[in-house]
>>> print(open('work17.cif').read())   # mmCIF, C-alpha atoms and all ligand atoms
data_run
#
loop_
_atom_site.label_atom_id
_atom_site.label_comp_id
_atom_site.auth_asym_id
_atom_site.auth_seq_id
_atom_site.Cartn_x
_atom_site.Cartn_y
_atom_site.Cartn_z
CA MET A 1 11.71 -5.10 8.23
CA LYS A 2 13.48 -1.85 7.54
CA LEU A 3 13.26 -0.22 4.11
CA ALA A 4 15.52 2.52 2.78
CA LEU A 5 15.26 4.43 -0.49
CA LYS A 6 18.59 6.04 -1.32
CA SER A 7 18.56 8.85 -3.90
CA ILE A 8 15.90 7.19 -6.04
CA SER A 9 15.07 8.88 -9.34
CA LYS A 10 12.98 7.60 -12.21
CA THR A 11 12.65 8.84 -15.76
CA PHE A 12 10.59 7.01 -18.38
CA TYR A 13 12.80 7.29 -21.46
CA ASP A 14 10.25 5.51 -23.64
CA SER A 15 7.94 8.52 -23.30
CA ILE A 16 8.45 11.33 -25.82
CA PRO A 17 9.85 13.58 -24.49
CA PRO A 18 11.30 11.54 -21.60
CA LEU A 19 9.16 11.85 -18.48
CA LYS A 20 10.88 12.47 -15.16
CA VAL A 21 8.58 11.11 -12.52
CA ILE A 22 10.58 10.74 -9.30
CA ASP A 23 13.28 13.20 -8.31
CA ASN A 24 15.82 12.05 -5.74
CA PHE A 25 13.80 10.33 -3.01
CA ASP A 26 15.54 9.60 0.25
CA LEU A 27 13.30 7.81 2.67
CA GLU A 28 13.74 5.40 5.56
CA VAL A 29 10.91 3.32 6.88
CA LYS A 30 11.75 1.69 10.18
CA GLY A 31 10.81 -1.87 10.95
CA LYS A 32 7.33 -2.02 12.52
CA GLU A 33 6.36 1.35 11.10
CA ARG A 34 3.28 2.26 9.07
CA ILE A 35 3.55 5.26 6.84
CA SER A 36 1.22 6.89 4.35
CA ILE A 37 2.11 8.54 1.07
CA PHE A 38 -0.01 11.51 0.09
CA GLY A 39 0.53 13.17 -3.28
CA PRO A 40 -1.27 14.40 -6.41
CA ASN A 41 -2.41 12.20 -9.31
CA GLY A 42 0.35 11.17 -11.68
CA CYS A 43 3.22 12.15 -9.36
CA GLY A 44 4.73 8.66 -9.37
CA LYS A 45 3.33 6.94 -6.30
CA SER A 46 2.46 3.68 -8.06
CA THR A 47 5.78 3.84 -9.91
CA LEU A 48 7.54 4.09 -6.55
CA PHE A 49 5.78 0.92 -5.34
CA ASN A 50 6.79 -0.82 -8.57
CA ILE A 51 10.41 0.14 -7.93
CA ILE A 52 10.28 -1.10 -4.33
CA ALA A 53 8.72 -4.40 -5.44
CA GLY A 54 11.18 -4.78 -8.32
CA PHE A 55 8.66 -4.51 -11.19
CA GLU A 56 10.40 -1.34 -12.41
CA GLN A 57 14.05 -0.34 -12.27
CA ALA A 58 14.99 3.00 -10.74
CA THR A 59 16.99 5.20 -13.13
CA GLU A 60 19.23 6.16 -10.22
CA GLY A 61 19.54 5.12 -6.61
CA THR A 62 19.01 1.97 -4.61
CA VAL A 63 16.40 0.27 -2.48
CA LEU A 64 17.79 -1.42 0.64
CA PHE A 65 16.00 -4.01 2.73
CA ASP A 66 17.23 -4.30 6.33
CA ASN A 67 20.21 -2.05 5.57
CA GLY A 68 21.21 -4.20 2.62
CA ARG A 69 21.44 -7.40 4.70
CA LYS A 70 18.60 -8.87 2.65
CA SER A 71 18.04 -8.96 -1.07
CA ARG A 72 14.63 -8.47 -2.61
CA GLY A 73 14.43 -12.20 -3.27
CA GLN A 74 14.78 -12.94 0.44
CA ILE A 75 11.80 -10.94 1.60
CA LYS A 76 8.10 -11.36 1.13
CA ILE A 77 6.27 -8.35 -0.21
CA GLY A 78 2.47 -8.14 -0.04
CA PHE A 79 1.13 -5.80 -2.71
CA ILE A 80 -2.39 -4.54 -3.27
CA PHE A 81 -2.35 -3.01 -6.73
CA GLN A 82 -4.23 0.14 -7.60
CA ASP A 83 -5.87 -1.79 -10.44
CA HIS A 84 -6.53 -4.76 -8.17
CA ARG A 85 -8.92 -6.38 -10.66
CA ASN A 86 -6.00 -7.21 -12.94
CA SER A 87 -4.36 -9.16 -10.14
CA ILE A 88 -7.35 -11.44 -9.61
CA LEU A 89 -7.19 -14.61 -11.71
CA PRO A 90 -10.58 -15.03 -13.43
CA TRP A 91 -10.27 -18.81 -13.86
CA ARG A 92 -9.82 -19.41 -10.14
CA THR A 93 -12.51 -19.38 -7.47
CA VAL A 94 -12.42 -16.82 -4.68
CA LEU A 95 -10.84 -19.41 -2.36
CA LYS A 96 -8.23 -20.44 -4.93
CA ASN A 97 -7.35 -16.79 -5.56
CA VAL A 98 -6.75 -16.26 -1.86
CA GLU A 99 -4.65 -19.44 -1.67
CA LEU A 100 -2.37 -18.27 -4.48
CA GLY A 101 0.43 -16.71 -2.41
CA LEU A 102 0.41 -19.69 -0.07
CA GLU A 103 0.78 -22.00 -3.06
CA PHE A 104 3.90 -20.12 -4.11
CA GLN A 105 5.20 -20.62 -0.59
CA GLU A 106 4.41 -24.33 -0.91
CA VAL A 107 2.17 -24.42 2.14
CA ASP A 108 0.39 -27.79 2.08
CA GLY A 109 -3.20 -28.06 0.82
CA ASN A 110 -5.18 -28.38 4.05
CA LYS A 111 -3.24 -25.73 5.91
CA ARG A 112 -3.49 -23.44 2.89
CA LYS A 113 -7.24 -23.78 2.76
CA LYS A 114 -7.58 -23.16 6.49
CA ILE A 115 -5.48 -19.98 6.41
CA ALA A 116 -7.29 -18.71 3.30
CA GLN A 117 -10.68 -19.35 4.89
CA HIS A 118 -9.62 -17.48 8.03
CA TYR A 119 -8.98 -14.33 5.97
CA LEU A 120 -12.07 -14.89 3.83
CA LYS A 121 -14.08 -14.90 7.03
CA LYS A 122 -12.41 -11.69 8.23
CA THR A 123 -13.25 -9.94 4.96
CA GLY A 124 -16.82 -11.30 4.88
CA LEU A 125 -16.20 -13.43 1.78
CA LEU A 126 -16.48 -16.92 3.23
CA ASP A 127 -19.96 -17.50 1.81
CA PHE A 128 -18.62 -16.62 -1.65
CA GLN A 129 -15.52 -18.80 -1.57
CA ASN A 130 -16.64 -21.11 -4.37
CA LEU A 131 -17.75 -18.38 -6.77
CA TYR A 132 -15.64 -16.96 -9.60
CA PRO A 133 -14.48 -13.31 -9.69
CA TYR A 134 -16.91 -12.40 -12.53
CA GLN A 135 -19.76 -13.27 -10.17
CA LEU A 136 -18.67 -10.62 -7.64
CA SER A 137 -18.86 -6.83 -7.38
CA GLY A 138 -15.82 -4.54 -7.68
CA GLY A 139 -15.77 -4.07 -3.91
CA MET A 140 -15.74 -7.79 -3.35
CA THR A 141 -12.81 -8.33 -5.71
CA GLN A 142 -10.94 -5.69 -3.74
CA LEU A 143 -11.65 -7.77 -0.64
CA ILE A 144 -10.16 -10.82 -2.38
CA ALA A 145 -6.99 -8.78 -2.89
CA PHE A 146 -6.94 -7.94 0.83
CA ALA A 147 -7.59 -11.51 1.93
CA ARG A 148 -4.90 -12.84 -0.41
CA THR A 149 -2.29 -10.29 0.61
CA LEU A 150 -2.90 -10.74 4.32
CA ALA A 151 -2.96 -14.56 4.08
CA HIS A 152 0.60 -14.89 2.92
CA GLN A 153 2.36 -13.23 5.85
CA SER A 154 4.58 -10.65 4.19
CA ASP A 155 7.56 -8.77 5.66
CA LEU A 156 6.53 -5.59 3.86
CA LEU A 157 3.03 -4.51 2.83
CA LEU A 158 2.40 -2.09 -0.03
CA PHE A 159 -1.19 -0.86 -0.30
CA ASP A 160 -1.90 1.28 -3.37
CA GLU A 161 -5.21 3.11 -2.84
CA PRO A 162 -6.73 -0.13 -1.61
CA PHE A 163 -10.09 1.13 -0.37
CA ASN A 164 -11.40 2.76 -3.54
CA SER A 165 -14.10 0.23 -4.35
CA LEU A 166 -15.38 -0.38 -0.83
CA ASP A 167 -18.61 0.99 0.57
CA TYR A 168 -18.29 3.10 3.72
CA LYS A 169 -19.21 0.37 6.19
CA MET A 170 -16.85 -2.13 4.62
CA TYR A 171 -14.16 0.54 4.48
CA LEU A 172 -14.42 1.15 8.23
CA ASN A 173 -14.44 -2.61 8.89
CA ILE A 174 -11.33 -3.19 6.84
CA LEU A 175 -9.53 -0.15 8.25
CA ASP A 176 -10.23 -1.34 11.81
CA GLY A 177 -9.28 -4.89 10.84
CA LEU A 178 -5.99 -3.72 9.38
CA GLN A 179 -5.26 -1.74 12.51
CA SER A 180 -5.82 -4.73 14.83
CA LEU A 181 -3.71 -6.89 12.55
CA TRP A 182 -0.93 -4.32 12.51
CA LEU A 183 -1.07 -4.00 16.30
CA LYS A 184 -0.63 -7.78 16.50
CA ASN A 185 2.22 -8.31 14.03
CA ARG A 186 3.59 -4.80 13.30
CA LYS A 187 4.60 -5.44 9.71
CA THR A 188 6.20 -2.52 7.91
CA THR A 189 3.39 -1.05 5.84
CA ILE A 190 3.13 1.72 3.27
CA LEU A 191 -0.26 3.04 2.25
CA ILE A 192 -0.84 5.28 -0.76
CA THR A 193 -4.00 7.29 -0.31
CA HIS A 194 -5.71 10.47 -1.48
CA ASN A 195 -7.69 10.62 1.74
CA LEU A 196 -5.78 12.83 4.16
CA ASP A 197 -7.82 11.79 7.21
CA GLU A 198 -7.07 8.15 6.43
CA ALA A 199 -3.37 8.94 5.92
CA ILE A 200 -3.15 10.57 9.35
CA PHE A 201 -5.42 8.13 11.16
CA TRP A 202 -3.61 5.10 9.83
CA SER A 203 0.04 5.92 10.14
CA GLU A 204 3.04 6.92 12.20
CA ARG A 205 4.24 9.29 9.48
CA VAL A 206 2.73 10.97 6.44
CA ILE A 207 5.05 11.56 3.49
CA ILE A 208 3.90 14.39 1.24
CA LEU A 209 4.88 14.49 -2.43
CA SER A 210 4.96 17.43 -4.83
CA PRO A 211 3.52 17.24 -8.36
CA ARG A 212 5.70 15.53 -11.01
CA PRO A 213 8.66 15.27 -11.09
CA SER A 214 7.87 14.52 -7.50
CA ARG A 215 10.03 15.32 -4.55
CA ILE A 216 9.39 14.57 -0.90
CA VAL A 217 8.19 17.92 0.42
CA GLY A 218 7.03 16.84 3.85
CA ASP A 219 7.60 14.07 6.36
CA VAL A 220 5.19 14.65 9.21
CA ARG A 221 5.38 12.54 12.35
CA ILE A 222 1.91 11.83 13.67
CA GLY A 223 2.71 10.92 17.26
CA PHE A 224 -0.65 9.48 18.37
CA PRO A 225 -0.59 6.25 20.38
CA SER A 226 -0.58 3.17 18.10
CA SER A 227 -4.08 1.98 18.91
CA ARG A 228 -6.52 4.54 17.56
CA LYS A 229 -10.24 5.07 17.83
CA ARG A 230 -12.42 6.87 15.30
CA ASN A 231 -13.14 9.84 17.60
CA LEU A 232 -9.49 10.82 17.16
CA LEU A 233 -10.59 12.36 13.85
CA HIS A 234 -12.50 15.03 15.74
CA SER A 235 -9.73 15.99 18.15
CA GLN A 236 -7.88 19.31 18.19
CA ASN A 237 -4.56 17.54 17.69
CA PHE A 238 -5.85 15.77 14.60
CA MET A 239 -7.03 19.07 13.11
CA ARG A 240 -3.68 20.66 13.90
CA ILE A 241 -1.76 17.96 12.00
CA ARG A 242 -4.28 18.09 9.16
CA ASN A 243 -3.77 21.84 8.79
CA GLN A 244 -0.01 21.45 8.97
CA ILE A 245 -0.09 18.98 6.06
CA LEU A 246 -2.51 21.08 4.01
CA LYS A 247 -0.19 24.05 4.42
CA ILE A 248 2.74 22.01 3.07
CA CYS A 249 0.57 20.89 0.12
CA SER A 250 -0.59 24.38 -0.82
CA LYS A 251 2.98 25.68 -0.69
CA ASN A 252 4.05 23.04 -3.21
CA ILE A 253 1.22 23.19 -5.74
CA ARG A 254 2.16 25.44 -8.62
N1 LIG A 301 5.67 2.19 -17.75
C1 LIG A 301 5.50 3.48 -17.97
N2 LIG A 301 5.99 4.07 -19.10
C2 LIG A 301 5.85 5.41 -19.31
N3 LIG A 301 5.22 6.23 -18.45
C3 LIG A 301 4.72 5.72 -17.33
C4 LIG A 301 4.83 4.32 -17.03
N4 LIG A 301 4.23 4.10 -15.82
C5 LIG A 301 3.79 5.29 -15.41
N5 LIG A 301 4.06 6.26 -16.29
C6 LIG A 301 3.76 7.69 -16.16
O1 LIG A 301 4.37 8.15 -14.97
C7 LIG A 301 3.52 9.09 -14.29
C8 LIG A 301 3.29 8.62 -12.88
O2 LIG A 301 2.46 7.49 -12.88
P1 LIG A 301 1.99 6.76 -11.54
O3 LIG A 301 3.18 6.31 -10.80
O4 LIG A 301 0.98 5.75 -11.91
O5 LIG A 301 1.31 8.00 -10.74
P2 LIG A 301 0.41 8.01 -9.42
O6 LIG A 301 0.31 6.60 -8.90
O7 LIG A 301 1.11 8.94 -8.47
O8 LIG A 301 -0.92 8.58 -9.83
C9 LIG A 301 2.24 9.20 -15.14
O9 LIG A 301 2.35 10.36 -15.94
C10 LIG A 301 2.27 7.93 -15.99
O10 LIG A 301 1.65 8.17 -17.23
MG MG A 302 -1.23 5.35 -8.66
#
>>> encode(input="work17.cif", output="structure tokens")
Amino acid sequence: MKLALKSISKTFYDSIPPLKVIDNFDLEVKGKERISIFGPNGCGKSTLFNIIAGFEQATEGTVLFDNGRKSRGQIKIGFIFQDHRNSILPWRTVLKNVELGLEFQEVDGNKRKKIAQHYLKKTGLLDFQNLYPYQLSGGMTQLIAFARTLAHQSDLLLFDEPFNSLDYKMYLNILDGLQSLWLKNRKTTILITHNLDEAIFWSERVIILSPRPSRIVGDVRIGFPSSRKRNLLHSQNFMRIRNQILKICSKNIR
């Protein structure tokens, strides 16, 4: 699915004085593309996701799905929230949390359970499926958010700093898992991250934002083959792109 942001601006008028967060974003994400968004704290990255998903209204501009052929209601958006804990329902078991999106899609009970258990297995949560969220660690609740988002087969995936609570081994597992999944179904994916190596390793393009009110100050094409191995991080080409991005960042930090 193709996504286009056309002249998007956002000001929070309920702040005193009004707070301009996003300043005239123009961005196209092709179908089957993964991009990363790299920008300082408070520059409006989560707000941008909220606008794309329809939780917030842009002050100006439009969001187009498939060149405007589809409305927001016609597409499925998978969202991992920055504060993922708030999206986990405490009165539901791990399994029932993962089944949630499938319930909305009215997938029947047995099939729902089977799909949910497939993703619970992939995220290492199968043995915990009958526990409640309060019985799990922060990292494990983040894995519930992954399993739930991946289980319901979205057209567009929005990942807002989704790895923050994971230990290093789990992080690598999930990153590799996401890559194989993306290679299989090539869903349009946007990742917000503060980890530059991850932004480059993961995506086809890295979008660099200035401090608030944020503008797009860089759109760097990565150009590595789609299937990537960890040793890429040590290559000359990787370092070259990393330095190019850091240069853009230092130019735009006041
Ligand atoms: N609903 C809101 N009302 C007023 N201000 C908000 C609201 N949501 C976010 N903000 C402000 O907008 C700025 C950008 O927030 P956010 O998008 O969460 O930044 P980021 O994700 O890049 O760290 C912050 O200063 C935040 O306080
Ligand atoms: Mg944020």
>>> closest_atom_pairs(input="work17.cif", of="chain A", to="ligand MG 302 (chain A)", cutoff="10 Å", atoms="all atoms listed in the file", output="JSON lines")
{"residue": "A:Gly39", "atom": "CA", "partner": "A:MG302", "partner_atom": "MG", "distance": 9.7}
{"residue": "A:Pro40", "atom": "CA", "partner": "A:MG302", "partner_atom": "MG", "distance": 9.3}
{"residue": "A:Asn41", "atom": "CA", "partner": "A:MG302", "partner_atom": "MG", "distance": 7.0}
{"residue": "A:Gly42", "atom": "CA", "partner": "A:MG302", "partner_atom": "MG", "distance": 6.7}
{"residue": "A:Cys43", "atom": "CA", "partner": "A:MG302", "partner_atom": "MG", "distance": 8.2}
{"residue": "A:Gly44", "atom": "CA", "partner": "A:MG302", "partner_atom": "MG", "distance": 6.9}
{"residue": "A:Lys45", "atom": "CA", "partner": "A:MG302", "partner_atom": "MG", "distance": 5.4}
{"residue": "A:Ser46", "atom": "CA", "partner": "A:MG302", "partner_atom": "MG", "distance": 4.1}
{"residue": "A:Thr47", "atom": "CA", "partner": "A:MG302", "partner_atom": "MG", "distance": 7.3}
{"residue": "A:Leu48", "atom": "CA", "partner": "A:MG302", "partner_atom": "MG", "distance": 9.1}
{"residue": "A:Phe49", "atom": "CA", "partner": "A:MG302", "partner_atom": "MG", "distance": 8.9}
{"residue": "A:Phe81", "atom": "CA", "partner": "A:MG302", "partner_atom": "MG", "distance": 8.7}
{"residue": "A:Gln82", "atom": "CA", "partner": "A:MG302", "partner_atom": "MG", "distance": 6.1}
{"residue": "A:Asp83", "atom": "CA", "partner": "A:MG302", "partner_atom": "MG", "distance": 8.7}
{"residue": "A:Asp160", "atom": "CA", "partner": "A:MG302", "partner_atom": "MG", "distance": 6.7}
{"residue": "A:Glu161", "atom": "CA", "partner": "A:MG302", "partner_atom": "MG", "distance": 7.4}
{"residue": "A:Ile192", "atom": "CA", "partner": "A:MG302", "partner_atom": "MG", "distance": 7.9}
{"residue": "A:Thr193", "atom": "CA", "partner": "A:MG302", "partner_atom": "MG", "distance": 9.0}
{"residue": "A:His194", "atom": "CA", "partner": "A:MG302", "partner_atom": "MG", "distance": 9.9}
>>> closest_residue(input="work17.cif", among="A:Pro18, A:Gly177, A:Gly68, A:Gly138", to="ligand LIG 301 (chain A)", atoms="only C-alpha atoms and all ligand atoms")
A:Pro18
>>> closest_residue(input="work17.cif", among="A:Gln244, A:Asn24, A:Asn50, A:Ser154", to="ligand LIG 301 (chain A)", atoms="all atoms listed in the file")
A:Asn50
>>> closest_residue(input="work17.cif", among="A:Gln153, A:Gln117, A:Asn130, A:Asn195", to="A:Leu181", atoms="all atoms listed in the file")
A:Gln153
>>> atom_distance(input="work17.cif", atom1="atom O6 of ligand LIG 301 (chain A)", atom2="atom CA of A:Gly54")
15.7 Å
>>> closest_residue(input="work17.cif", among="A:Met239, A:Ile22, A:Ile174, A:Ile80", to="A:Leu5", atoms="only C-alpha atoms")
A:Ile22
>>> closest_residue(input="work17.cif", among="A:Gln74, A:Gln179, A:Ser210, A:Asn97", to="ligand LIG 301 (chain A)", atoms="all atoms listed in the file")
A:Ser210
>>> residues_around(input="work17.cif", residues="stretch 100-114 of chain A", least_positions_apart="5", cutoff="12 Å", atoms="all atoms listed in the file", output="VMD selection string")
chain A and resid 75 to 79 87 to 89 92 to 95 119 to 121 126 129 144 to 154
>>> write_last_selection(input="work17.cif", atoms="C-alpha atoms", output="mmCIF file, keeping the file's coordinate frame")
data_model
loop_
_atom_site.group_PDB
_atom_site.id
_atom_site.type_symbol
_atom_site.label_atom_id
_atom_site.label_comp_id
_atom_site.auth_asym_id
_atom_site.auth_seq_id
_atom_site.Cartn_x
_atom_site.Cartn_y
_atom_site.Cartn_z
ATOM 1 C CA ILE A 75 11.800 -10.940 1.600
ATOM 2 C CA LYS A 76 8.100 -11.360 1.130
ATOM 3 C CA ILE A 77 6.270 -8.350 -0.210
ATOM 4 C CA GLY A 78 2.470 -8.140 -0.040
ATOM 5 C CA PHE A 79 1.130 -5.800 -2.710
ATOM 6 C CA SER A 87 -4.360 -9.160 -10.140
ATOM 7 C CA ILE A 88 -7.350 -11.440 -9.610
ATOM 8 C CA LEU A 89 -7.190 -14.610 -11.710
ATOM 9 C CA ARG A 92 -9.820 -19.410 -10.140
ATOM 10 C CA THR A 93 -12.510 -19.380 -7.470
ATOM 11 C CA VAL A 94 -12.420 -16.820 -4.680
ATOM 12 C CA LEU A 95 -10.840 -19.410 -2.360
ATOM 13 C CA TYR A 119 -8.980 -14.330 5.970
ATOM 14 C CA LEU A 120 -12.070 -14.890 3.830
ATOM 15 C CA LYS A 121 -14.080 -14.900 7.030
ATOM 16 C CA LEU A 126 -16.480 -16.920 3.230
ATOM 17 C CA GLN A 129 -15.520 -18.800 -1.570
ATOM 18 C CA ILE A 144 -10.160 -10.820 -2.380
ATOM 19 C CA ALA A 145 -6.990 -8.780 -2.890
ATOM 20 C CA PHE A 146 -6.940 -7.940 0.830
ATOM 21 C CA ALA A 147 -7.590 -11.510 1.930
ATOM 22 C CA ARG A 148 -4.900 -12.840 -0.410
ATOM 23 C CA THR A 149 -2.290 -10.290 0.610
ATOM 24 C CA LEU A 150 -2.900 -10.740 4.320
ATOM 25 C CA ALA A 151 -2.960 -14.560 4.080
ATOM 26 C CA HIS A 152 0.600 -14.890 2.920
ATOM 27 C CA GLN A 153 2.360 -13.230 5.850
ATOM 28 C CA SER A 154 4.580 -10.650 4.190
#
>>> axis_aligned_box(input="work17.cif", around="ligand LIG 301 (chain A)", padding_each_side="3 Å", output="lines of an AutoDock Vina configuration file")
center_x = 2.5
center_y = 6.3
center_z = -13.9
size_x = 12.9
size_y = 14.2
size_z = 16.8
>>> decode(input="work17.cif", residues="stretch 20-60 of chain A", atoms="C-alpha atoms", output="CSV table (one decimal), in the first residue's frame")
chain,number,residue,atom,x,y,z
A,20,LYS,CA,3.7,24.0,16.3
A,21,VAL,CA,5.0,20.5,16.1
A,22,ILE,CA,5.0,19.5,12.4
A,23,ASP,CA,5.9,22.0,9.6
A,24,ASN,CA,4.8,21.1,6.1
A,25,PHE,CA,5.7,17.4,5.7
A,26,ASP,CA,5.7,16.1,2.2
A,27,LEU,CA,6.5,12.4,2.1
A,28,GLU,CA,5.7,9.4,-0.2
A,29,VAL,CA,6.1,5.9,1.0
A,30,LYS,CA,5.9,3.4,-1.9
A,31,GLY,CA,4.0,0.2,-1.5
A,32,LYS,CA,6.4,-2.6,-0.3
A,33,GLU,CA,8.8,-0.1,1.2
A,34,ARG,CA,10.2,0.1,4.7
A,35,ILE,CA,11.3,3.4,6.0
A,36,SER,CA,12.7,4.7,9.3
A,37,ILE,CA,12.1,8.0,10.9
A,38,PHE,CA,15.0,9.4,12.9
A,39,GLY,CA,14.5,12.7,14.8
A,40,PRO,CA,15.0,14.3,18.2
A,41,ASN,CA,12.8,13.8,21.3
A,42,GLY,CA,9.6,15.9,21.1
A,43,CYS,CA,9.8,16.7,17.4
A,44,GLY,CA,6.4,15.2,16.6
A,45,LYS,CA,7.2,11.6,15.5
A,46,SER,CA,4.4,10.0,17.6
A,47,THR,CA,2.1,12.9,16.6
A,48,LEU,CA,2.8,12.1,12.9
A,49,PHE,CA,1.8,8.4,13.5
A,50,ASN,CA,-1.4,9.6,15.2
A,51,ILE,CA,-2.2,11.7,12.2
A,52,ILE,CA,-1.6,8.8,9.8
A,53,ALA,CA,-3.7,6.5,11.9
A,54,GLY,CA,-6.5,9.1,12.3
A,55,PHE,CA,-6.2,9.5,16.0
A,56,GLU,CA,-5.2,13.2,15.5
A,57,GLN,CA,-6.3,15.6,12.8
A,58,ALA,CA,-3.6,17.5,10.9
A,59,THR,CA,-4.0,21.3,11.1
A,60,GLU,CA,-3.2,21.4,7.4
